[in-house]
Every structure is written in structure tokens, then in C-alpha cells.
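The structure file entry.cif is reproduced below (mmCIF, C-alpha atoms and all ligand atoms).
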```cif
data_data
#
loop_
_atom_site.label_atom_id
_atom_site.label_comp_id
_atom_site.auth_asym_id
_atom_site.auth_seq_id
_atom_site.Cartn_x
_atom_site.Cartn_y
_atom_site.Cartn_z
CA MET A 1 -15.16 -8.51 -13.56
CA GLN A 2 -11.56 -9.56 -14.15
CA LEU A 3 -8.62 -7.98 -12.35
CA TRP A 4 -5.30 -8.42 -14.12
CA ILE A 5 -2.42 -8.34 -11.69
CA ALA A 6 1.27 -9.30 -11.50
CA ASN A 7 3.23 -11.34 -8.93
CA LYS A 8 1.84 -10.85 -5.44
CA ASN A 9 5.35 -10.77 -4.00
CA TYR A 10 6.34 -7.70 -6.00
CA SER A 11 3.35 -5.88 -7.47
CA SER A 12 2.36 -3.15 -5.04
CA TRP A 13 -0.03 -1.42 -7.45
CA SER A 14 -1.86 -4.69 -8.11
CA MET A 15 -2.28 -5.29 -4.39
CA ARG A 16 -4.35 -2.16 -3.82
CA PRO A 17 -7.51 -2.78 -5.94
CA TRP A 18 -7.25 -6.54 -5.28
CA LEU A 19 -7.56 -5.83 -1.53
CA VAL A 20 -10.58 -3.60 -2.14
CA LEU A 21 -12.31 -6.30 -4.18
CA LYS A 22 -11.57 -8.93 -1.52
CA ALA A 23 -12.27 -6.79 1.54
CA PHE A 24 -15.71 -5.87 0.23
CA ASP A 25 -16.40 -9.36 -1.07
CA LEU A 26 -16.96 -8.18 -4.65
CA PRO A 27 -17.20 -10.82 -7.38
CA PHE A 28 -14.12 -10.97 -9.62
CA GLU A 29 -11.76 -13.30 -11.38
CA GLU A 30 -8.05 -12.81 -10.74
CA VAL A 31 -5.86 -12.97 -13.85
CA MET A 32 -2.18 -13.34 -12.96
CA ILE A 33 0.40 -12.15 -15.49
CA GLU A 34 3.84 -12.87 -14.13
CA PHE A 35 6.62 -10.33 -14.63
CA SER A 36 9.16 -11.32 -17.25
CA ALA A 37 12.87 -11.55 -16.56
CA GLU A 38 13.49 -8.20 -18.27
CA PRO A 39 11.84 -4.96 -17.12
CA SER A 40 9.26 -3.48 -19.51
CA ALA A 41 9.65 -6.32 -22.00
CA GLY A 42 8.88 -9.95 -22.79
CA GLU A 43 5.71 -11.95 -22.41
CA PHE A 44 4.42 -9.80 -19.53
CA LYS A 45 4.38 -6.70 -21.70
CA GLN A 46 2.84 -8.50 -24.69
CA LYS A 47 0.02 -9.95 -22.60
CA VAL A 48 -0.78 -6.70 -20.78
CA LEU A 49 -0.69 -4.65 -23.98
CA ALA A 50 -3.38 -6.93 -25.43
CA ALA A 51 -5.83 -5.32 -22.96
CA ASN A 52 -4.20 -2.08 -21.87
CA PRO A 53 -2.22 0.22 -24.20
CA ASN A 54 -0.61 1.71 -21.10
CA GLY A 55 1.21 -1.61 -20.66
CA LYS A 56 0.87 -1.79 -16.89
CA VAL A 57 -1.12 -3.69 -14.30
CA PRO A 58 -3.50 -3.54 -12.53
CA VAL A 59 -6.23 -3.59 -15.15
CA LEU A 60 -9.91 -4.10 -14.40
CA ILE A 61 -12.11 -5.49 -17.17
CA ASP A 62 -15.83 -5.21 -16.59
CA GLN A 63 -17.46 -6.52 -19.77
CA ALA A 64 -16.75 -3.84 -22.42
CA GLN A 65 -15.21 -1.43 -19.89
CA MET A 66 -11.46 -1.48 -19.32
CA VAL A 67 -10.13 0.54 -16.39
CA TRP A 68 -6.40 0.91 -15.80
CA ASP A 69 -4.57 2.54 -12.90
CA SER A 70 -5.08 1.45 -9.30
CA LEU A 71 -6.81 4.62 -8.10
CA ALA A 72 -9.14 4.83 -11.11
CA ILE A 73 -10.09 1.18 -10.57
CA CYS A 74 -10.95 1.86 -6.92
CA GLU A 75 -13.02 4.91 -7.91
CA TYR A 76 -14.82 2.81 -10.54
CA LEU A 77 -15.64 0.15 -7.92
CA ALA A 78 -16.84 2.79 -5.44
CA GLU A 79 -19.25 4.12 -8.09
CA LYS A 80 -20.39 0.65 -9.11
CA TYR A 81 -21.20 -0.33 -5.51
CA PRO A 82 -22.45 2.94 -3.94
CA GLN A 83 -24.19 1.04 -1.15
CA LEU A 84 -20.82 -0.10 0.22
CA ALA A 85 -18.38 2.16 2.07
CA LEU A 86 -15.37 1.67 -0.20
CA TRP A 87 -14.79 5.32 0.64
CA PRO A 88 -16.07 6.35 4.10
CA LYS A 89 -19.72 7.43 4.18
CA ASP A 90 -18.89 10.47 6.32
CA ALA A 91 -18.01 13.40 4.01
CA ALA A 92 -15.09 14.69 6.09
CA LEU A 93 -13.54 11.24 6.45
CA ARG A 94 -14.16 10.59 2.74
CA ALA A 95 -12.30 13.78 1.79
CA ARG A 96 -9.41 12.78 4.02
CA ALA A 97 -9.39 9.21 2.63
CA ARG A 98 -9.22 10.59 -0.91
CA CYS A 99 -6.39 12.98 0.01
CA ILE A 100 -4.22 10.32 1.60
CA ALA A 101 -4.85 7.78 -1.18
CA ALA A 102 -3.96 10.46 -3.76
CA GLU A 103 -0.85 11.37 -1.76
CA MET A 104 0.23 7.73 -1.79
CA HIS A 105 -0.48 7.48 -5.50
CA SER A 106 1.64 10.53 -6.37
CA SER A 107 4.41 10.65 -3.76
CA PHE A 108 6.94 8.75 -1.65
CA MET A 109 9.41 8.18 -4.49
CA ALA A 110 12.34 7.58 -2.12
CA LEU A 111 10.48 4.84 -0.25
CA ARG A 112 9.38 3.27 -3.52
CA SER A 113 12.84 3.29 -5.05
CA GLN A 114 14.84 2.36 -1.92
CA CYS A 115 12.43 -0.24 -0.56
CA GLY A 116 10.78 -2.05 -3.47
CA MET A 117 7.99 -4.42 -2.44
CA ASN A 118 9.31 -7.91 -1.77
CA ILE A 119 6.97 -9.60 0.68
CA ARG A 120 8.88 -12.83 1.20
CA ALA A 121 12.27 -11.18 1.76
CA HIS A 122 13.78 -10.16 5.12
CA LEU A 123 16.04 -7.20 4.43
CA ASP A 124 16.54 -5.56 7.83
CA GLU A 125 20.24 -5.04 7.29
CA LEU A 126 19.73 -3.40 3.91
CA GLY A 127 16.88 -1.35 5.38
CA ALA A 128 19.14 -0.08 8.19
CA LYS A 129 21.82 0.95 5.67
CA ARG A 130 19.37 2.76 3.42
CA TRP A 131 17.75 4.39 6.45
CA ALA A 132 21.11 5.75 7.58
CA LEU A 133 22.11 7.03 4.12
CA ASP A 134 18.90 8.30 2.57
CA ASP A 135 17.37 11.50 3.89
CA GLY A 136 14.50 11.22 1.37
CA LEU A 137 13.58 7.79 2.72
CA ARG A 138 13.47 9.09 6.30
CA LYS A 139 11.32 12.06 5.19
CA ASP A 140 8.87 9.79 3.33
CA VAL A 141 8.52 7.51 6.35
CA ALA A 142 8.04 10.48 8.69
CA ARG A 143 5.20 11.81 6.51
CA ILE A 144 3.56 8.39 6.33
CA GLU A 145 3.80 8.01 10.10
CA GLN A 146 2.16 11.43 10.47
CA ILE A 147 -0.72 10.31 8.24
CA TRP A 148 -1.13 7.05 10.16
CA ALA A 149 -0.97 8.85 13.54
CA GLU A 150 -3.94 11.01 12.52
CA ARG A 151 -6.30 8.04 12.25
CA PRO A 152 -9.50 8.42 14.33
CA SER A 153 -8.27 6.11 17.10
CA SER A 154 -5.24 3.96 17.78
CA ASP A 155 -7.16 0.76 17.05
CA SER A 156 -8.97 1.97 13.93
CA PHE A 157 -8.08 1.94 10.26
CA LEU A 158 -6.94 5.20 8.65
CA CYS A 159 -10.42 6.68 8.28
CA GLY A 160 -12.42 4.44 10.64
CA GLU A 161 -13.41 1.19 8.95
CA PHE A 162 -11.16 -0.43 6.32
CA SER A 163 -11.44 1.63 3.12
CA ILE A 164 -9.61 2.35 -0.13
CA ALA A 165 -7.24 4.55 1.89
CA ASP A 166 -5.97 1.52 3.82
CA ALA A 167 -5.64 -0.52 0.64
CA PHE A 168 -3.35 2.21 -0.69
CA TYR A 169 -1.06 1.98 2.36
CA ALA A 170 -1.02 -1.84 2.54
CA PRO A 171 2.15 -2.17 0.40
CA VAL A 172 3.80 0.39 2.70
CA VAL A 173 3.02 -1.86 5.65
CA THR A 174 4.69 -4.82 3.96
CA ARG A 175 7.69 -2.68 2.95
CA PHE A 176 8.20 -1.40 6.51
CA LYS A 177 8.16 -5.06 7.59
CA THR A 178 10.47 -6.37 4.85
CA TYR A 179 13.08 -3.66 5.53
CA GLY A 180 12.56 -3.51 9.33
CA LEU A 181 12.22 0.28 9.27
CA PRO A 182 12.27 1.85 12.76
CA VAL A 183 8.70 3.13 13.16
CA SER A 184 6.78 4.22 16.26
CA ALA A 185 4.67 1.98 18.48
CA SER A 186 1.56 3.67 17.06
CA SER A 187 2.62 2.84 13.50
CA GLN A 188 3.40 -0.72 14.53
CA GLN A 189 -0.11 -1.00 15.97
CA TYR A 190 -1.60 0.09 12.64
CA MET A 191 0.67 -2.33 10.79
CA GLN A 192 -0.47 -5.18 13.02
CA LEU A 193 -4.13 -4.31 12.41
CA MET A 194 -3.49 -4.34 8.67
CA LEU A 195 -1.49 -7.57 8.72
CA GLU A 196 -4.39 -9.25 10.54
CA HIS A 197 -6.99 -8.11 8.01
CA PRO A 198 -8.23 -11.24 6.14
CA ALA A 199 -7.75 -9.72 2.67
CA VAL A 200 -4.19 -8.58 3.48
CA ARG A 201 -3.40 -12.01 4.92
CA GLU A 202 -4.75 -13.71 1.82
CA TRP A 203 -2.56 -11.57 -0.47
CA ILE A 204 0.52 -12.20 1.68
CA ASP A 205 -0.19 -15.96 1.77
CA GLY A 206 -0.46 -15.86 -2.04
CA ALA A 207 2.89 -14.03 -2.26
CA LEU A 208 4.56 -16.59 0.00
CA GLN A 209 3.29 -19.44 -2.17
CA GLU A 210 4.75 -17.97 -5.35
CA SER A 211 7.97 -19.52 -6.57
CA ALA A 212 8.92 -17.07 -9.34
CA ARG A 213 11.94 -14.97 -8.54
CA VAL A 214 12.38 -11.87 -10.70
CA GLU A 215 15.98 -10.79 -10.38
CA TYR A 216 15.62 -7.13 -11.28
CA LEU A 217 12.96 -6.73 -8.58
CA GLU A 218 15.17 -8.20 -5.85
CA ALA A 219 16.17 -4.97 -4.11
CA HIS A 220 19.28 -6.29 -2.43
CA LEU A 221 21.11 -7.00 -5.69
N1 LIG B 301 0.14 4.49 -11.45
C1 LIG B 301 -0.11 3.13 -11.88
C2 LIG B 301 1.17 2.34 -11.77
C3 LIG B 301 1.08 0.94 -12.37
C4 LIG B 301 2.41 0.23 -12.37
O1 LIG B 301 3.49 0.88 -12.38
N2 LIG B 301 2.35 -1.10 -12.42
C5 LIG B 301 3.55 -1.91 -12.46
C6 LIG B 301 3.37 -3.18 -11.64
S1 LIG B 301 3.28 -2.86 -9.90
C7 LIG B 301 3.78 -2.39 -13.89
O2 LIG B 301 2.85 -2.78 -14.56
N3 LIG B 301 5.04 -2.40 -14.31
C8 LIG B 301 5.43 -2.93 -15.57
C9 LIG B 301 6.06 -1.94 -16.46
O3 LIG B 301 6.13 -0.75 -16.12
O4 LIG B 301 6.50 -2.36 -17.53
C10 LIG B 301 -1.24 2.56 -11.04
O5 LIG B 301 -1.55 3.17 -10.01
O6 LIG B 301 -1.85 1.55 -11.41
#
```
For this file, write the structure as C-alpha cells.
Ligand SMILES: N[C@@H](CCC(=O)N[C@@H](CS)C(=O)NCC(=O)O)C(=O)O
Amino acid sequence: MQLWIANKNYSSWSMRPWLVLKAFDLPFEEVMIEFSAEPSAGEFKQKVLAANPNGKVPVLIDQAQMVWDSLAICEYLAEKYPQLALWPKDAALRARARCIAAEMHSSFMALRSQCGMNIRAHLDELGAKRWALDDGLRKDVARIEQIWAERPSSDSFLCGEFSIADAFYAPVVTRFKTYGLPVSASSQQYMQLMLEHPAVREWIDGALQESARVEYLEAHL
């Protein structure tokens, strides 16, 4: 399998299936397509369109099968490796994991727009300003904290063991850190657990090693 992704510093949707592949030790080749200087244009778009008419990453290519969209890729992997608990084995936990991954996939627009992923940046001051001014941002964070607080125990992942649900919230963890958002001790404990996960650490290390700076994705401009 190949997973086409964009810059690890910025591409939150790429991070999610990449973490699932890594966390479950699935065999894949990473294909990095760096964002171009202009949004929705340039070499990035041309290269992605060669595989995916939707023009976005992530894209999974498994021989003749092309799967686009982060959640669809994770579902495809869960079906391809049914022996592994990409979704929790317990039906109730699995239903919950699917709900919270779907909620992440379809919601939290204020967080996404006000706090774009930028792993190597430290934007506490900007985060504090946006926190003070943006009611939508505070509501998104409150809902995420509620979801995290409902995990089975304070030292567990969202639905027990690490699953697709956690992969979906990983870019939220890095955003909370980048922007220094004021979250509870319980949320900080979950963030710490995530930041210590080997797959999450590997992605973050990769982001820190990147040198490309894409101006339109630098949130503080
Ligand atoms: N809902 C899609 C979103 C994919 C997406 O927006 N990817 C971004 C990168 S993080 C992208 O390719 N942006 C380039 C563009 O829109 O031109 C998913 O879950 O995969």
C-alpha cells in the first residue's frame, strides 16, 4: 500500500490514517507531496490529481484500489485487517469510537479555522487572543473536552486501547499544544498519553525535521 500525504507540520487529515498504519504496524510506503506556495494550485494539485480526482490528500493506493478521505481510508484498513482492533472489538466501544471519529470528521470548524495545524510553531499569545474573542472556538474545545473526559479511565485512550478514534483527535492534541489552549488537567493527561505514543512521536519528529514553510498555512500571518 502507498499512503499519499502532505507536509507533516501542516496536514492534519494526512496525520490520521498515517498514525493508524504506524500504530498497527501495517506495511505501507509513505509518499510525500509537499503543499505548493499557493492554496489549491501548483505542483501539489497536479500531482494529487494524477491519482485522486478529488484533489486532496490523504490518498491510499492498494494495488488497483484508490481510497480517498481519511475516514474512508481508516474504514478500508479496518476491513482489510479484521484481526486487529483498529476499531475496538467491544461493540459498545466501537459504536462510540465511530461516533466520535465521525464527529471530528464533520465538526469543529471554529477550531479548524482559528487554530490551523502547525506543529513546530508556538503560538500561545495568538491562541489566548483567539480564545478570548471567539465563542465558537471555546464551544468546540468544550465539546472536545467532554468527549475526552468520557474515556473509560483517566489513563486510557478514548475507547480503551489506541484506536482510529484517537488517531482522529491527534491533530487536536497538537493544536491545543501549539496554541496553548487552557484545557483541564484531565485533558492534559490525555494529551500527554497521546504525545508519548510512538506513532504520534514519529509524526511529530518528522514535522520538526521538515524545512518547508508554507506561508498561507502559517496561522499567525
Ligand atoms: N475530508 C477530507 C479532507 C482532506 C483535506 O482537506 N486535505 C487537505 C490536506 S490536510 C488538502 O488536500 N488540501 C489541499 C486542497 O484542498 O487543495 C479527509 O478527511 O481526507
For this session: Determine, counting all atoms listed in the file, which protein, DNA and RNA residues have an atom within 8 Å of an atom of Met15 (chain A); residues of the same chain fewer than 6 positions away are not included. Present the result as a ChimeraX atom specification.
Result: /A:5,8,167,170-171,203
For this session: Could you give me the residues within 8 Å of ligand LIG 301 (chain B), counting only C-alpha atoms and all ligand atoms, as a list of chain:residue names?
Result: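 Final answer, ordered by chain and number: A:Ile5, A:Ala6, A:Tyr10, A:Ser11, A:Ser12, A:Trp13, A:Ser14, A:Phe35, A:Pro39, A:Ser40, A:Ala41, A:Phe44, A:Lys45, A:Gly55, A:Lys56, A:Val57, A:Pro58, A:Val59, A:Trp68, A:Asp69, A:Ser70, A:Leu71, A:Ala72, A:His105.
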Seminar exercise, completed: re CA of Leu21 (chain A) and CA of Ile147 (chain A): distance 23.8 Å
Could you list, as a PDB file with C-alpha atoms, keeping the file's coordinate frame, every residue within 9 Å of region 172-177 of chain A, counting all atoms listed in the file and ignoring same-chain residues fewer than 4 positions away?
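Generated file (part.pdb):
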```pdb
ATOM      1  CA  SER A  12       2.360  -3.150  -5.040  1.00  0.00           C
ATOM      2  CA  LEU A 111      10.480   4.840  -0.250  1.00  0.00           C
ATOM      3  CA  ARG A 112       9.380   3.270  -3.520  1.00  0.00           C
ATOM      4  CA  CYS A 115      12.430  -0.240  -0.560  1.00  0.00           C
ATOM      5  CA  GLY A 116      10.780  -2.050  -3.470  1.00  0.00           C
ATOM      6  CA  MET A 117       7.990  -4.420  -2.440  1.00  0.00           C
ATOM      7  CA  ASN A 118       9.310  -7.910  -1.770  1.00  0.00           C
ATOM      8  CA  ILE A 119       6.970  -9.600   0.680  1.00  0.00           C
ATOM      9  CA  HIS A 122      13.780 -10.160   5.120  1.00  0.00           C
ATOM     10  CA  LEU A 123      16.040  -7.200   4.430  1.00  0.00           C
ATOM     11  CA  ASP A 124      16.540  -5.560   7.830  1.00  0.00           C
ATOM     12  CA  GLY A 127      16.880  -1.350   5.380  1.00  0.00           C
ATOM     13  CA  VAL A 141       8.520   7.510   6.350  1.00  0.00           C
ATOM     14  CA  ILE A 144       3.560   8.390   6.330  1.00  0.00           C
ATOM     15  CA  PHE A 168      -3.350   2.210  -0.690  1.00  0.00           C
ATOM     16  CA  LEU A 181      12.220   0.280   9.270  1.00  0.00           C
ATOM     17  CA  PRO A 182      12.270   1.850  12.760  1.00  0.00           C
ATOM     18  CA  VAL A 183       8.700   3.130  13.160  1.00  0.00           C
ATOM     19  CA  GLN A 188       3.400  -0.720  14.530  1.00  0.00           C
ATOM     20  CA  TYR A 190      -1.600   0.090  12.640  1.00  0.00           C
ATOM     21  CA  MET A 191       0.670  -2.330  10.790  1.00  0.00           C
ATOM     22  CA  GLN A 192      -0.470  -5.180  13.020  1.00  0.00           C
ATOM     23  CA  MET A 194      -3.490  -4.340   8.670  1.00  0.00           C
ATOM     24  CA  LEU A 195      -1.490  -7.570   8.720  1.00  0.00           C
ATOM     25  CA  ILE A 204       0.520 -12.200   1.680  1.00  0.00           C
TER      26      ILE A 204
END
```
Exercise. In Å to one decimal, how far is CA of Ser163 (chain A) from CA of Ala97 (chain A)?
Worked result: 7.9 Å
Problem set entry | Among the residues A:Asp166, A:Glu34, A:Glu79, A:Asp155, the one that comes closest to Arg96 (chain A) [using all atoms listed in the file] | A:Asp166
For this session: Write out as JSON, numbers by chain each polymer residue whose atoms come within 10 Å of Ala212 (chain A), counting only C-alpha atoms; drop sequence neighbours fewer than 4 positions from it.
Result: {"A": [7, 9, 34, 35, 36, 37, 207]}
